[in-house]
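**Q** mmCIF, C-alpha atoms, file data_39.cif:
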```cif
data_upload
#
loop_
_atom_site.label_atom_id
_atom_site.label_comp_id
_atom_site.auth_asym_id
_atom_site.auth_seq_id
_atom_site.Cartn_x
_atom_site.Cartn_y
_atom_site.Cartn_z
CA MET L 23 49.88 10.54 -16.25
CA TYR L 24 48.61 13.77 -14.71
CA ILE L 25 48.56 13.78 -10.91
CA LEU L 26 46.48 15.81 -8.48
CA LEU L 27 48.21 15.50 -5.09
CA ILE L 28 46.03 16.08 -2.05
CA CYS L 29 47.90 16.34 1.23
CA THR L 30 47.55 17.31 4.85
CA VAL L 31 50.22 19.71 6.12
CA GLY L 32 51.99 18.95 9.39
CA GLY L 33 54.84 20.54 11.31
CA SER L 34 57.61 19.07 9.15
CA PRO L 35 57.81 20.12 5.47
CA GLU L 36 60.39 17.47 4.47
CA PRO L 37 57.91 14.58 3.98
CA LEU L 38 55.80 16.77 1.70
CA ILE L 39 58.88 17.63 -0.36
CA ALA L 40 59.65 13.92 -0.70
CA SER L 41 56.08 13.35 -1.90
CA LEU L 42 56.34 16.22 -4.41
CA LYS L 43 59.60 14.82 -5.78
CA HIS L 44 58.17 11.33 -6.06
CA TRP L 45 54.81 12.12 -7.67
CA ARG L 46 55.72 15.29 -9.64
CA PRO L 47 52.07 16.45 -9.50
CA GLN L 48 50.54 18.86 -12.00
CA ARG L 49 48.24 20.23 -9.33
CA ILE L 50 48.07 20.17 -5.51
CA ILE L 51 45.48 20.71 -2.81
CA PHE L 52 46.87 21.51 0.65
CA PHE L 53 44.94 21.01 3.88
CA PRO L 54 46.94 22.90 6.55
CA SER L 55 46.06 23.39 10.21
CA PRO L 56 45.94 26.93 11.68
CA GLU L 57 49.49 26.34 12.94
CA THR L 58 50.84 25.23 9.54
CA ARG L 59 48.93 27.49 7.18
CA ASN L 60 51.91 29.83 6.71
CA PHE L 61 54.29 26.92 6.12
CA ILE L 62 53.18 26.61 2.49
CA GLU L 63 54.54 30.03 1.46
CA GLU L 64 57.32 30.30 4.02
CA ARG L 65 58.82 26.80 4.04
CA ILE L 66 57.30 24.33 1.54
CA LEU L 67 57.58 26.43 -1.62
CA PRO L 68 61.20 27.56 -1.00
CA LEU L 69 62.30 24.04 -0.05
CA ALA L 70 60.56 22.58 -3.11
CA ARG L 71 62.49 24.98 -5.34
CA ALA L 72 65.74 24.07 -3.61
CA GLU L 73 65.02 20.35 -4.14
CA ASP L 74 64.29 20.81 -7.86
CA ALA L 75 60.56 20.28 -7.40
CA PRO L 76 59.25 23.83 -7.84
CA LEU L 77 55.54 24.62 -7.74
CA PRO L 78 54.50 27.02 -10.50
CA PRO L 79 52.19 29.87 -9.45
CA GLY L 80 48.53 28.93 -9.55
CA CYS L 81 49.11 25.17 -9.49
CA TYR L 82 47.87 24.67 -5.95
CA ASP L 83 44.86 25.42 -3.76
CA THR L 84 44.75 25.79 -0.01
CA TYR L 85 41.84 24.69 2.21
CA PRO L 86 42.77 25.69 5.77
CA ILE L 87 41.39 23.49 8.56
CA LEU L 88 39.90 25.77 11.23
CA ASP L 89 40.19 23.27 14.08
CA SER L 90 42.66 20.45 13.47
CA GLN L 91 41.43 18.57 16.57
CA ASP L 92 37.79 18.50 15.44
CA PHE L 93 37.27 15.41 13.29
CA THR L 94 33.85 16.49 11.98
CA ALA L 95 35.17 19.94 11.05
CA CYS L 96 38.09 18.32 9.21
CA VAL L 97 35.78 16.07 7.20
CA ARG L 98 33.45 18.97 6.39
CA ARG L 99 36.32 21.12 5.17
CA MET L 100 37.84 18.38 3.03
CA ARG L 101 34.51 17.66 1.39
CA GLU L 102 34.58 21.22 0.05
CA ALA L 103 37.25 20.11 -2.41
CA ARG L 104 34.83 17.64 -3.99
CA GLU L 105 34.09 19.66 -7.12
CA ARG L 106 37.79 20.21 -7.91
CA ILE L 107 38.58 16.52 -7.44
CA GLU L 108 35.66 15.32 -9.56
CA GLU L 109 36.48 17.88 -12.25
CA TRP L 110 40.06 16.59 -12.36
CA LEU L 111 39.02 12.95 -12.58
CA GLY L 112 36.44 13.82 -15.21
CA ARG L 113 39.12 14.94 -17.64
CA GLY L 114 39.95 11.38 -18.61
CA PRO L 115 41.68 8.14 -17.57
CA ASN L 116 45.13 9.78 -17.57
CA TYR L 117 44.11 12.09 -14.71
CA GLN L 118 44.64 10.52 -11.30
CA VAL L 119 44.50 11.55 -7.66
CA VAL L 120 47.00 10.74 -4.91
CA PHE L 121 46.07 11.27 -1.25
CA ASP L 122 49.06 11.86 1.02
CA PHE L 123 48.12 11.78 4.71
CA THR L 124 51.61 11.87 6.24
CA GLY L 125 51.36 15.29 7.88
CA GLY L 126 48.90 16.92 10.23
CA THR L 127 47.03 15.85 13.33
CA LYS L 128 45.47 12.42 13.74
CA CYS L 129 42.04 13.97 13.10
CA MET L 130 43.29 15.49 9.85
CA THR L 131 44.84 12.27 8.53
CA ALA L 132 41.84 10.16 9.55
CA ALA L 133 39.48 12.68 7.94
CA LEU L 134 41.42 12.60 4.67
CA ALA L 135 41.40 8.78 4.61
CA LEU L 136 37.65 8.75 5.24
CA THR L 137 36.82 11.44 2.71
CA ALA L 138 39.12 9.99 0.03
CA HIS L 139 37.19 6.72 -0.19
CA ARG L 140 34.61 8.49 -2.36
CA TRP L 141 37.05 8.84 -5.25
CA PRO L 142 39.34 6.47 -7.18
CA GLY L 143 42.97 7.15 -6.36
CA ARG L 144 46.00 6.06 -4.38
CA PHE L 145 47.04 6.55 -0.79
CA SER L 146 50.57 7.75 -0.17
CA TYR L 147 52.56 7.85 3.06
CA ILE L 148 56.09 9.08 3.66
CA GLY L 149 58.24 7.00 6.01
CA ALA L 150 61.84 6.06 6.72
CA ARG L 151 64.33 5.24 3.99
CA ALA L 152 65.72 1.83 4.80
CA VAL L 153 64.93 -1.33 6.70
CA GLY L 154 66.68 -1.21 10.08
CA GLU L 155 66.95 2.58 9.88
CA THR L 156 63.86 4.20 11.34
CA GLY L 157 64.58 7.68 10.06
CA ARG L 158 62.48 9.02 12.92
CA ASP L 159 63.37 10.86 16.09
CA LYS L 160 61.90 9.92 19.50
CA GLN L 161 63.18 6.33 19.07
CA GLY L 162 61.24 5.79 15.88
CA VAL L 163 57.89 7.14 17.00
CA GLY L 164 58.26 10.85 16.20
CA ILE L 165 58.33 12.81 12.97
CA VAL L 166 60.32 11.69 9.93
CA VAL L 167 63.88 13.02 10.21
CA SER L 168 64.94 15.40 7.47
CA GLY L 169 66.98 13.70 4.77
CA LYS L 170 65.65 10.21 5.49
CA GLU L 171 62.26 10.43 3.77
CA GLN L 172 61.05 7.80 1.36
CA VAL L 173 57.63 6.90 -0.05
CA LEU L 174 56.95 3.62 1.70
CA HIS L 175 53.30 3.12 0.94
CA PHE L 176 51.36 3.92 -2.15
CA GLN L 177 48.47 1.62 -2.77
CA ASN L 178 44.93 1.47 -4.02
CA PRO L 179 42.69 2.22 -1.00
CA TRP L 180 39.84 0.23 -2.54
CA ASP L 181 41.76 -3.00 -1.87
CA ALA L 182 40.91 -2.33 1.78
CA LEU L 183 37.78 -0.20 1.42
CA GLY L 184 36.12 -2.77 -0.82
CA TYR L 185 35.33 -4.84 2.25
CA GLN L 186 33.57 -1.85 3.80
CA VAL L 187 31.23 -1.73 0.81
CA VAL L 188 30.22 -5.33 1.55
CA GLU L 189 28.27 -4.12 4.58
CA GLU L 190 26.51 -1.49 2.49
CA ALA L 191 25.63 -4.11 -0.13
CA VAL L 192 24.30 -6.48 2.55
CA THR L 193 22.03 -3.70 3.85
CA LEU L 194 20.71 -3.07 0.33
CA CYS L 195 20.02 -6.79 -0.17
CA GLU L 196 18.26 -7.04 3.19
CA HIS L 197 15.89 -4.30 1.99
CA GLY L 198 15.23 -5.99 -1.34
CA ALA L 199 17.45 -3.66 -3.41
CA HIS L 200 19.53 -6.41 -5.00
CA ALA L 201 19.97 -4.53 -8.28
CA SER L 202 21.36 -1.53 -6.38
CA ALA L 203 23.69 -3.81 -4.41
CA ALA L 204 24.96 -5.37 -7.65
CA LEU L 205 25.58 -1.92 -9.14
CA LEU L 206 27.46 -0.77 -6.03
CA LEU L 207 29.64 -3.89 -6.00
CA ASP L 208 30.28 -3.58 -9.74
CA GLN L 209 31.62 -0.05 -9.27
CA VAL L 210 33.95 -1.21 -6.50
CA VAL L 211 35.16 -4.31 -8.37
CA LYS L 212 36.32 -2.01 -11.17
CA GLN L 213 38.39 0.05 -8.72
CA VAL L 214 39.95 -2.81 -6.76
CA SER L 215 43.34 -4.01 -8.01
CA GLU L 216 44.13 -6.89 -5.63
CA ARG L 217 43.08 -10.09 -7.38
CA ALA L 218 41.68 -11.92 -4.33
CA VAL L 219 39.54 -8.94 -3.24
CA LYS L 220 38.29 -8.41 -6.80
CA ARG L 221 37.26 -12.07 -7.07
CA GLU L 222 35.48 -12.15 -3.68
CA LEU L 223 33.52 -8.97 -4.34
CA GLY L 224 32.73 -10.25 -7.83
CA SER L 225 31.17 -13.39 -6.35
CA PHE L 226 28.98 -11.33 -4.04
CA LYS L 227 28.01 -9.16 -7.01
CA CYS L 228 27.03 -12.33 -8.90
CA LEU L 229 24.78 -13.40 -6.02
CA ALA L 230 23.10 -9.98 -5.96
CA GLU L 231 22.61 -10.16 -9.74
CA ALA L 232 21.03 -13.60 -9.40
CA CYS L 233 18.49 -12.33 -6.87
CA ALA L 234 17.84 -9.17 -8.89
CA ALA L 235 17.15 -11.24 -12.02
CA TRP L 236 14.90 -13.61 -10.08
CA ASP L 237 13.03 -10.64 -8.64
CA ARG L 238 12.13 -9.44 -12.15
CA PHE L 239 11.14 -12.97 -13.23
CA ASP L 240 14.25 -13.34 -15.40
CA HIS L 241 14.69 -16.95 -14.32
CA GLN L 242 17.13 -17.75 -17.13
CA ASN L 243 19.75 -15.25 -15.96
CA ALA L 244 19.01 -15.94 -12.30
CA HIS L 245 19.87 -19.59 -12.89
CA LYS L 246 23.03 -18.68 -14.80
CA HIS L 247 24.31 -16.29 -12.11
CA LEU L 248 23.50 -18.72 -9.32
CA LYS L 249 25.48 -21.47 -11.06
CA ASP L 250 28.45 -19.10 -11.14
CA VAL L 251 28.02 -18.37 -7.43
CA GLN L 252 27.96 -22.08 -6.68
CA THR L 253 31.28 -22.50 -8.48
CA ASN L 254 32.91 -19.78 -6.35
CA LEU L 255 31.24 -20.42 -2.99
CA ASN L 256 34.53 -20.42 -1.07
CA ASP L 257 34.91 -16.70 -1.82
CA PHE L 258 32.18 -16.10 0.75
CA ILE L 259 34.34 -17.52 3.55
CA SER L 260 36.54 -14.42 3.49
CA LEU L 261 33.53 -12.12 3.23
CA PHE L 262 31.21 -13.66 5.80
CA GLY L 263 32.78 -16.76 7.35
CA ARG L 264 32.26 -20.48 6.80
CA PRO L 265 28.77 -20.74 8.41
CA VAL L 266 27.37 -18.24 5.88
CA ARG L 267 29.17 -20.04 3.06
CA ASP L 268 27.53 -23.33 4.12
CA TYR L 269 24.15 -21.61 4.52
CA LEU L 270 24.45 -20.25 0.97
CA ALA L 271 25.48 -23.65 -0.36
CA ALA L 272 22.32 -25.24 1.06
CA TRP L 273 20.13 -22.41 -0.26
CA ILE L 274 21.62 -22.69 -3.76
CA GLU L 275 21.18 -26.48 -3.68
CA ARG L 276 17.44 -25.93 -3.12
CA SER L 277 17.06 -22.97 -5.46
CA LEU L 278 18.78 -24.20 -8.63
CA PRO L 279 16.26 -27.00 -9.38
CA LEU L 280 13.39 -24.55 -8.82
CA LEU L 281 14.96 -21.98 -11.14
CA ARG L 282 15.55 -24.67 -13.72
CA THR L 283 11.84 -25.49 -13.60
CA LEU L 284 10.84 -21.83 -13.77
CA LYS L 285 13.13 -20.97 -16.68
CA ASP L 286 11.89 -23.93 -18.70
CA SER L 287 8.18 -23.26 -18.07
CA ARG L 288 6.19 -22.22 -21.10
CA THR L 289 2.85 -21.98 -19.31
CA VAL L 290 1.45 -21.59 -15.80
CA THR L 291 2.73 -24.11 -13.23
CA PRO L 292 2.39 -24.47 -9.43
CA ALA L 293 6.03 -23.36 -9.13
CA LEU L 294 5.34 -20.18 -11.08
CA ILE L 295 2.31 -19.37 -8.94
CA ASN L 296 4.35 -19.80 -5.76
CA ASP L 297 7.04 -17.59 -7.28
CA LEU L 298 4.43 -14.88 -7.93
CA VAL L 299 3.19 -15.06 -4.34
CA ALA L 300 6.75 -14.94 -2.96
CA ASN L 301 7.49 -11.93 -5.16
CA ALA L 302 4.38 -10.22 -3.81
CA SER L 303 5.66 -10.81 -0.28
CA ARG L 304 8.96 -9.08 -1.11
CA ARG L 305 7.14 -6.11 -2.64
CA ALA L 306 5.06 -5.86 0.52
CA ASP L 307 8.24 -5.84 2.62
CA GLU L 308 9.19 -2.71 0.67
CA GLY L 309 5.78 -1.13 1.29
CA ARG L 310 4.92 -1.32 -2.42
CA TRP L 311 1.32 -2.38 -1.90
CA ASP L 312 0.12 -1.75 -5.47
CA ASP L 313 2.89 -3.92 -6.88
CA ALA L 314 2.30 -6.62 -4.28
CA VAL L 315 -1.45 -6.74 -4.93
CA ALA L 316 -0.94 -6.83 -8.70
CA ARG L 317 1.16 -9.99 -8.28
CA LEU L 318 -1.36 -11.63 -5.96
CA TYR L 319 -4.19 -10.84 -8.38
CA ARG L 320 -2.22 -12.54 -11.15
CA ALA L 321 -1.59 -15.54 -8.88
CA VAL L 322 -5.32 -15.87 -8.16
CA GLU L 323 -6.03 -15.75 -11.88
CA ALA L 324 -3.25 -18.24 -12.62
CA LEU L 325 -4.65 -20.71 -10.07
CA ALA L 326 -7.90 -20.83 -12.02
CA GLN L 327 -6.07 -21.16 -15.34
CA LEU L 328 -3.96 -24.03 -14.00
CA GLN L 329 -7.03 -25.85 -12.68
CA LEU L 330 -8.92 -25.40 -15.95
CA ARG L 331 -6.02 -26.80 -17.93
CA GLU L 332 -5.11 -29.70 -15.66
CA LYS L 333 -8.62 -30.95 -14.89
CA TYR L 334 -10.81 -29.77 -17.75
CA GLY L 335 -8.57 -29.45 -20.81
CA ILE L 336 -8.97 -25.66 -21.19
CA GLU L 337 -5.47 -24.84 -22.43
CA ASP L 338 -5.91 -21.09 -22.89
CA THR L 339 -8.53 -18.92 -21.20
CA GLY L 340 -7.84 -16.37 -23.92
CA ARG L 341 -9.28 -18.89 -26.41
CA THR L 342 -11.82 -21.00 -24.54
CA PRO L 343 -13.82 -23.28 -26.93
CA VAL L 344 -17.52 -22.52 -26.57
CA ALA L 345 -18.30 -26.15 -27.26
CA LYS L 346 -16.53 -27.15 -24.03
CA LEU L 347 -18.63 -24.85 -21.85
CA PRO L 348 -21.66 -26.03 -19.86
CA THR L 349 -24.90 -25.32 -21.69
CA ASP L 350 -26.05 -22.54 -19.38
CA LEU L 351 -22.74 -20.71 -19.76
CA GLN L 352 -22.81 -21.12 -23.54
CA GLU L 353 -26.10 -19.25 -23.55
CA LYS L 354 -24.95 -16.69 -20.92
CA TRP L 355 -21.74 -15.86 -22.75
CA ALA L 356 -23.23 -15.94 -26.23
CA ALA L 357 -22.93 -12.17 -26.43
CA LYS L 358 -19.16 -12.26 -25.77
CA ASP L 359 -16.93 -11.55 -28.72
CA SER L 360 -16.00 -14.90 -30.18
CA ARG L 361 -13.66 -16.00 -32.91
CA ASP L 362 -13.38 -19.44 -34.43
CA GLY L 363 -15.81 -20.77 -31.84
CA CYS L 364 -13.74 -19.50 -28.89
CA VAL L 365 -14.31 -16.84 -26.23
CA LYS L 366 -11.93 -14.97 -23.94
CA ILE L 367 -12.68 -15.26 -20.24
CA GLY L 368 -11.20 -13.28 -17.38
CA LEU L 369 -10.64 -14.05 -13.70
CA GLN L 370 -14.27 -13.96 -12.54
CA ASP L 371 -15.47 -15.93 -15.56
CA ALA L 372 -12.75 -18.54 -15.00
CA TYR L 373 -13.95 -19.14 -11.45
CA ALA L 374 -17.59 -19.09 -12.62
CA LEU L 375 -16.71 -21.86 -15.08
CA LEU L 376 -15.02 -23.87 -12.33
CA LYS L 377 -18.09 -23.34 -10.13
CA ALA L 378 -20.34 -24.66 -12.89
CA TRP L 379 -18.29 -27.86 -12.84
CA GLY L 380 -18.48 -28.05 -9.03
CA ASP L 381 -14.73 -27.57 -8.53
CA ASP L 382 -13.27 -27.29 -5.02
CA LEU L 383 -11.12 -24.29 -6.02
CA ALA L 384 -14.27 -22.36 -6.98
CA GLU L 385 -15.82 -23.23 -3.64
CA ARG L 386 -12.83 -21.82 -1.76
CA PHE L 387 -12.98 -18.73 -3.98
CA ALA L 388 -16.66 -18.19 -3.13
CA ALA L 389 -16.04 -18.83 0.59
CA LEU L 390 -13.67 -15.85 0.54
CA GLY L 391 -16.44 -13.69 -0.96
CA TRP L 392 -14.30 -12.99 -4.00
CA ASP L 393 -17.00 -13.98 -6.48
CA LYS L 394 -18.63 -10.60 -5.81
CA VAL L 395 -17.84 -7.83 -8.30
CA GLU L 396 -18.68 -4.66 -6.36
CA VAL L 397 -16.79 -1.50 -7.20
CA ALA L 398 -14.60 -0.31 -4.29
CA GLU L 399 -16.50 2.92 -3.72
CA LYS L 400 -15.97 3.08 0.04
CA GLU L 401 -12.53 2.30 1.38
CA ASN L 402 -13.88 1.36 4.83
CA ASN L 403 -16.43 -1.12 3.46
CA LYS L 404 -15.12 -4.44 4.74
CA ASN L 405 -17.44 -6.36 2.41
CA ILE L 406 -15.66 -5.08 -0.68
CA SER L 407 -13.55 -7.81 -2.25
CA PRO L 408 -9.81 -7.01 -2.31
CA LEU L 409 -9.94 -8.06 -5.96
CA ALA L 410 -12.39 -5.22 -6.60
CA ALA L 411 -10.09 -2.85 -4.70
CA ARG L 412 -7.23 -3.96 -6.91
CA ASN L 413 -9.28 -3.16 -10.03
CA ASP L 414 -9.66 0.39 -8.75
CA SER L 415 -5.90 0.76 -8.13
CA ILE L 416 -3.56 2.94 -10.12
CA LEU L 417 -1.89 -0.15 -11.65
CA ALA L 418 -5.21 -1.48 -12.94
CA HIS L 419 -8.19 0.62 -13.97
CA GLY L 420 -8.34 3.48 -11.46
CA PHE L 421 -6.23 6.00 -9.59
CA THR L 422 -6.68 4.90 -5.99
CA PRO L 423 -3.46 3.67 -4.33
CA VAL L 424 -3.79 0.32 -2.63
CA LYS L 425 -3.59 0.33 1.17
CA GLU L 426 -1.79 -2.22 3.32
CA LYS L 427 -5.04 -3.67 4.66
CA VAL L 428 -6.12 -4.58 1.11
CA PHE L 429 -2.85 -6.43 0.62
CA ARG L 430 -3.25 -8.27 3.95
CA ARG L 431 -6.72 -9.50 3.04
CA LEU L 432 -5.65 -10.56 -0.42
CA TRP L 433 -2.49 -12.21 0.96
CA ASP L 434 -4.34 -14.28 3.55
CA GLY L 435 -7.01 -15.25 1.04
CA CYS L 436 -4.51 -16.16 -1.67
CA LEU L 437 -2.67 -18.52 0.70
CA LYS L 438 -5.97 -20.21 1.59
CA LEU L 439 -6.98 -20.43 -2.05
CA ALA L 440 -3.67 -21.94 -3.11
CA GLN L 441 -3.40 -24.01 0.08
CA VAL L 442 0.20 -22.89 0.50
CA ASP L 443 2.22 -22.41 3.68
CA PRO L 444 4.28 -19.17 3.57
CA ASP L 445 7.30 -21.11 4.84
CA ASP L 446 7.18 -23.26 1.70
CA LEU L 447 7.49 -20.29 -0.65
CA PRO L 448 10.88 -19.55 -2.27
CA HIS L 449 12.90 -16.93 -0.41
CA PHE L 450 16.17 -15.05 -0.86
CA PRO L 451 19.17 -15.55 1.43
CA LYS L 452 19.61 -13.31 4.46
CA LEU L 453 23.27 -12.45 4.94
CA GLY L 454 22.91 -9.83 7.64
CA GLY L 455 21.07 -11.81 10.29
CA ARG L 456 19.75 -15.12 9.11
#
```
Output the structure of this file as structure tokens.
**A**
Amino acid sequence: MYILLICTVGGSPEPLIASLKHWRPQRIIFFPSPETRNFIEERILPLARAEDAPLPPGCYDTYPILDSQDFTACVRRMREARERIEEWLGRGPNYQVVFDFTGGTKCMTAALALTAHRWPGRFSYIGARAVGETGRDKQGVGIVVSGKEQVLHFQNPWDALGYQVVEEAVTLCEHGAHASAALLLDQVVKQVSERAVKRELGSFKCLAEACAAWDRFDHQNAHKHLKDVQTNLNDFISLFGRPVRDYLAAWIERSLPLLRTLKDSRTVTPALINDLVANASRRADEGRWDDAVARLYRAVEALAQLQLREKYGIEDTGRTPVAKLPTDLQEKWAAKDSRDGCVKIGLQDAYALLKAWGDDLAERFAALGWDKVEVAEKENNKNISPLAARNDSILAHGFTPVKEKVFRRLWDGCLKLAQVDPDDLPHFPKLGGR
């Protein structure tokens, strides 16, 4: 194993010598204060040679801290070593980093602990030698006494810092970035060594993966991940407390049957339409109006397809039998490309067919003014159908980005058309402020 030792330099060189003897690093980065900058050449190097832990020339770098009482300045200075640290870690799995924060001011040690969380490595601290023997002057609260040094603590910082990442992952989930939250948690799970912490973070990662899969309509994997979360629900007690665990349990109990229905669907269903509308709502929360409108447009189309299948036996609007059409529509659509006695009909034609049969859904569609097919030439024309505006969007047939007001009109109309209450739509759990 090849060790890069990174250490703050305080007024006593002995703890650093103990750390050098313990870790036998191949390379070192020193962070001295203005008062201890000369200690490296004058005291640490000679003492290291005397203790059979010599430092070869060129094996260390020095990053002097200009103001050891300025926390921000300490952090800024330590971040300057980033390239050297990442280059060392990039050499392979046998290259590791140890952060020793025994020496220096409180600002220096706190800054090193904060900065170090960006990289995989171990924390090291030099303390007294034996239980019952403090090894410190000032009644056990001063510096480590020379000759009584021992490495007391060397542990994986991610076993503690992993919990800090939970808050970052919650924030990502609250903003709809479940895939990013899962990736963040996955990276941390790989660095954590304590079994309980690894399992708890893994359960949260599984929940984020379930929501991410659901968000991309991968209902099969969403169901699988959510079943795994249900099995390990008690892991969320340590992360968030029992009330959140119970809240999640109730949400999963409602969501699993719905996901089972969605994953087994082979054609349009009311559940799938509601899922489309809920997905559109989440895209709108992110300000992604084009994506949100594209989903609502598909939901409006799917409502007509569902009605045609359930009430009139039209199984596939892509292959609508001409013989099943009303006489006037047979004549009107005679010029459409047909194959094997079937024609392909789009959204407007589907609602026109429902209107010809006097269907209530077509009446609600017409009441919204959506049976008009004007081109959205003027953005401020309130009479333009939001469906026409969608057709002119960059995700359909034009290059005009959809505005929020188009989404709002289409959203309100879609809810009326589907006769759905927004509160009845599927939603994702809120862990940060439910």
**Q** With only C-alpha atoms as the atoms that count, which of L:Asp381, L:Asp443, L:Asp434, L:Glu222 lies nearest to Phe262 in chain L?
**A**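 Among the listed residues, the smallest separation from Phe262 in chain L belongs to L:Glu222.
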**Q** Applying 9 Å and only C-alpha atoms, which residues near Lys346 in chain L remain after dropping the ones on its own chain fewer than 2 positions away? List them as an MDAnalysis selection string.
**A** chainID L and resid 334:336 342:344 348:349 352
**Q** Write the residues of the selection above to a file with C-alpha atoms, as a PDB file, in the frame of the given file.
**A**
```pdb
ATOM      1  CA  TYR L 334     -10.810 -29.770 -17.750  1.00  0.00           C
ATOM      2  CA  GLY L 335      -8.570 -29.450 -20.810  1.00  0.00           C
ATOM      3  CA  ILE L 336      -8.970 -25.660 -21.190  1.00  0.00           C
ATOM      4  CA  THR L 342     -11.820 -21.000 -24.540  1.00  0.00           C
ATOM      5  CA  PRO L 343     -13.820 -23.280 -26.930  1.00  0.00           C
ATOM      6  CA  VAL L 344     -17.520 -22.520 -26.570  1.00  0.00           C
ATOM      7  CA  PRO L 348     -21.660 -26.030 -19.860  1.00  0.00           C
ATOM      8  CA  THR L 349     -24.900 -25.320 -21.690  1.00  0.00           C
ATOM      9  CA  GLN L 352     -22.810 -21.120 -23.540  1.00  0.00           C
TER      10      GLN L 352
END
```
**Q** Could you name the residues that touch range 105-112 of chain L at 12 Å or less, counting only C-alpha atoms, but leaving out those on the same chain fewer than 2 positions away, as a PDB file with C-alpha atoms, in the frame of the given file?
**A**
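Saved to around02.pdb:
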```pdb
ATOM      1  CA  MET L  23      49.880  10.540 -16.250  1.00  0.00           C
ATOM      2  CA  TYR L  24      48.610  13.770 -14.710  1.00  0.00           C
ATOM      3  CA  ILE L  25      48.560  13.780 -10.910  1.00  0.00           C
ATOM      4  CA  LEU L  26      46.480  15.810  -8.480  1.00  0.00           C
ATOM      5  CA  LEU L  27      48.210  15.500  -5.090  1.00  0.00           C
ATOM      6  CA  ILE L  28      46.030  16.080  -2.050  1.00  0.00           C
ATOM      7  CA  GLN L  48      50.540  18.860 -12.000  1.00  0.00           C
ATOM      8  CA  ARG L  49      48.240  20.230  -9.330  1.00  0.00           C
ATOM      9  CA  ILE L  50      48.070  20.170  -5.510  1.00  0.00           C
ATOM     10  CA  ILE L  51      45.480  20.710  -2.810  1.00  0.00           C
ATOM     11  CA  TYR L  82      47.870  24.670  -5.950  1.00  0.00           C
ATOM     12  CA  ASP L  83      44.860  25.420  -3.760  1.00  0.00           C
ATOM     13  CA  THR L  84      44.750  25.790  -0.010  1.00  0.00           C
ATOM     14  CA  TYR L  85      41.840  24.690   2.210  1.00  0.00           C
ATOM     15  CA  MET L 100      37.840  18.380   3.030  1.00  0.00           C
ATOM     16  CA  ARG L 101      34.510  17.660   1.390  1.00  0.00           C
ATOM     17  CA  GLU L 102      34.580  21.220   0.050  1.00  0.00           C
ATOM     18  CA  ALA L 103      37.250  20.110  -2.410  1.00  0.00           C
ATOM     19  CA  GLY L 114      39.950  11.380 -18.610  1.00  0.00           C
ATOM     20  CA  PRO L 115      41.680   8.140 -17.570  1.00  0.00           C
ATOM     21  CA  ASN L 116      45.130   9.780 -17.570  1.00  0.00           C
ATOM     22  CA  TYR L 117      44.110  12.090 -14.710  1.00  0.00           C
ATOM     23  CA  GLN L 118      44.640  10.520 -11.300  1.00  0.00           C
ATOM     24  CA  VAL L 119      44.500  11.550  -7.660  1.00  0.00           C
ATOM     25  CA  VAL L 120      47.000  10.740  -4.910  1.00  0.00           C
ATOM     26  CA  PHE L 121      46.070  11.270  -1.250  1.00  0.00           C
ATOM     27  CA  THR L 137      36.820  11.440   2.710  1.00  0.00           C
ATOM     28  CA  ALA L 138      39.120   9.990   0.030  1.00  0.00           C
ATOM     29  CA  ARG L 140      34.610   8.490  -2.360  1.00  0.00           C
ATOM     30  CA  TRP L 141      37.050   8.840  -5.250  1.00  0.00           C
ATOM     31  CA  PRO L 142      39.340   6.470  -7.180  1.00  0.00           C
ATOM     32  CA  GLY L 143      42.970   7.150  -6.360  1.00  0.00           C
TER      33      GLY L 143
END
```
**Q** Since I can't run it myself right now, could you work out what the PyMOL selection byres ((chain L and resi 66) around 10) selects here and report it as an mmCIF file with C-alpha atoms, in the coordinates of the input?
**A**
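File produced: part.cif:
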```cif
data_model
loop_
_atom_site.group_PDB
_atom_site.id
_atom_site.type_symbol
_atom_site.label_atom_id
_atom_site.label_comp_id
_atom_site.auth_asym_id
_atom_site.auth_seq_id
_atom_site.Cartn_x
_atom_site.Cartn_y
_atom_site.Cartn_z
ATOM 1 C CA VAL L 31 50.220 19.710 6.120
ATOM 2 C CA SER L 34 57.610 19.070 9.150
ATOM 3 C CA PRO L 35 57.810 20.120 5.470
ATOM 4 C CA GLU L 36 60.390 17.470 4.470
ATOM 5 C CA LEU L 38 55.800 16.770 1.700
ATOM 6 C CA ILE L 39 58.880 17.630 -0.360
ATOM 7 C CA ASN L 60 51.910 29.830 6.710
ATOM 8 C CA PHE L 61 54.290 26.920 6.120
ATOM 9 C CA ILE L 62 53.180 26.610 2.490
ATOM 10 C CA GLU L 63 54.540 30.030 1.460
ATOM 11 C CA GLU L 64 57.320 30.300 4.020
ATOM 12 C CA ARG L 65 58.820 26.800 4.040
ATOM 13 C CA LEU L 67 57.580 26.430 -1.620
ATOM 14 C CA PRO L 68 61.200 27.560 -1.000
ATOM 15 C CA LEU L 69 62.300 24.040 -0.050
ATOM 16 C CA ALA L 70 60.560 22.580 -3.110
ATOM 17 C CA ARG L 71 62.490 24.980 -5.340
ATOM 18 C CA ALA L 72 65.740 24.070 -3.610
ATOM 19 C CA PRO L 76 59.250 23.830 -7.840
ATOM 20 C CA LEU L 77 55.540 24.620 -7.740
#
```
**Q** Sorted by chain and rising residue number, which residues of range 300-328 of chain L lie within 12 Å of range 372-377 of chain L, and what are their closest atom pairs and distances in Å to one decimal, counting only C-alpha atoms, as CSV?
**A**
```
residue,atom,partner,partner_atom,distance
L:Val322,CA,L:Tyr373,CA,9.8
L:Glu323,CA,L:Ala372,CA,7.9
L:Ala324,CA,L:Ala372,CA,9.8
L:Leu325,CA,L:Tyr373,CA,9.5
L:Ala326,CA,L:Ala372,CA,6.1
L:Gln327,CA,L:Ala372,CA,7.2
L:Leu328,CA,L:Ala372,CA,10.4
```
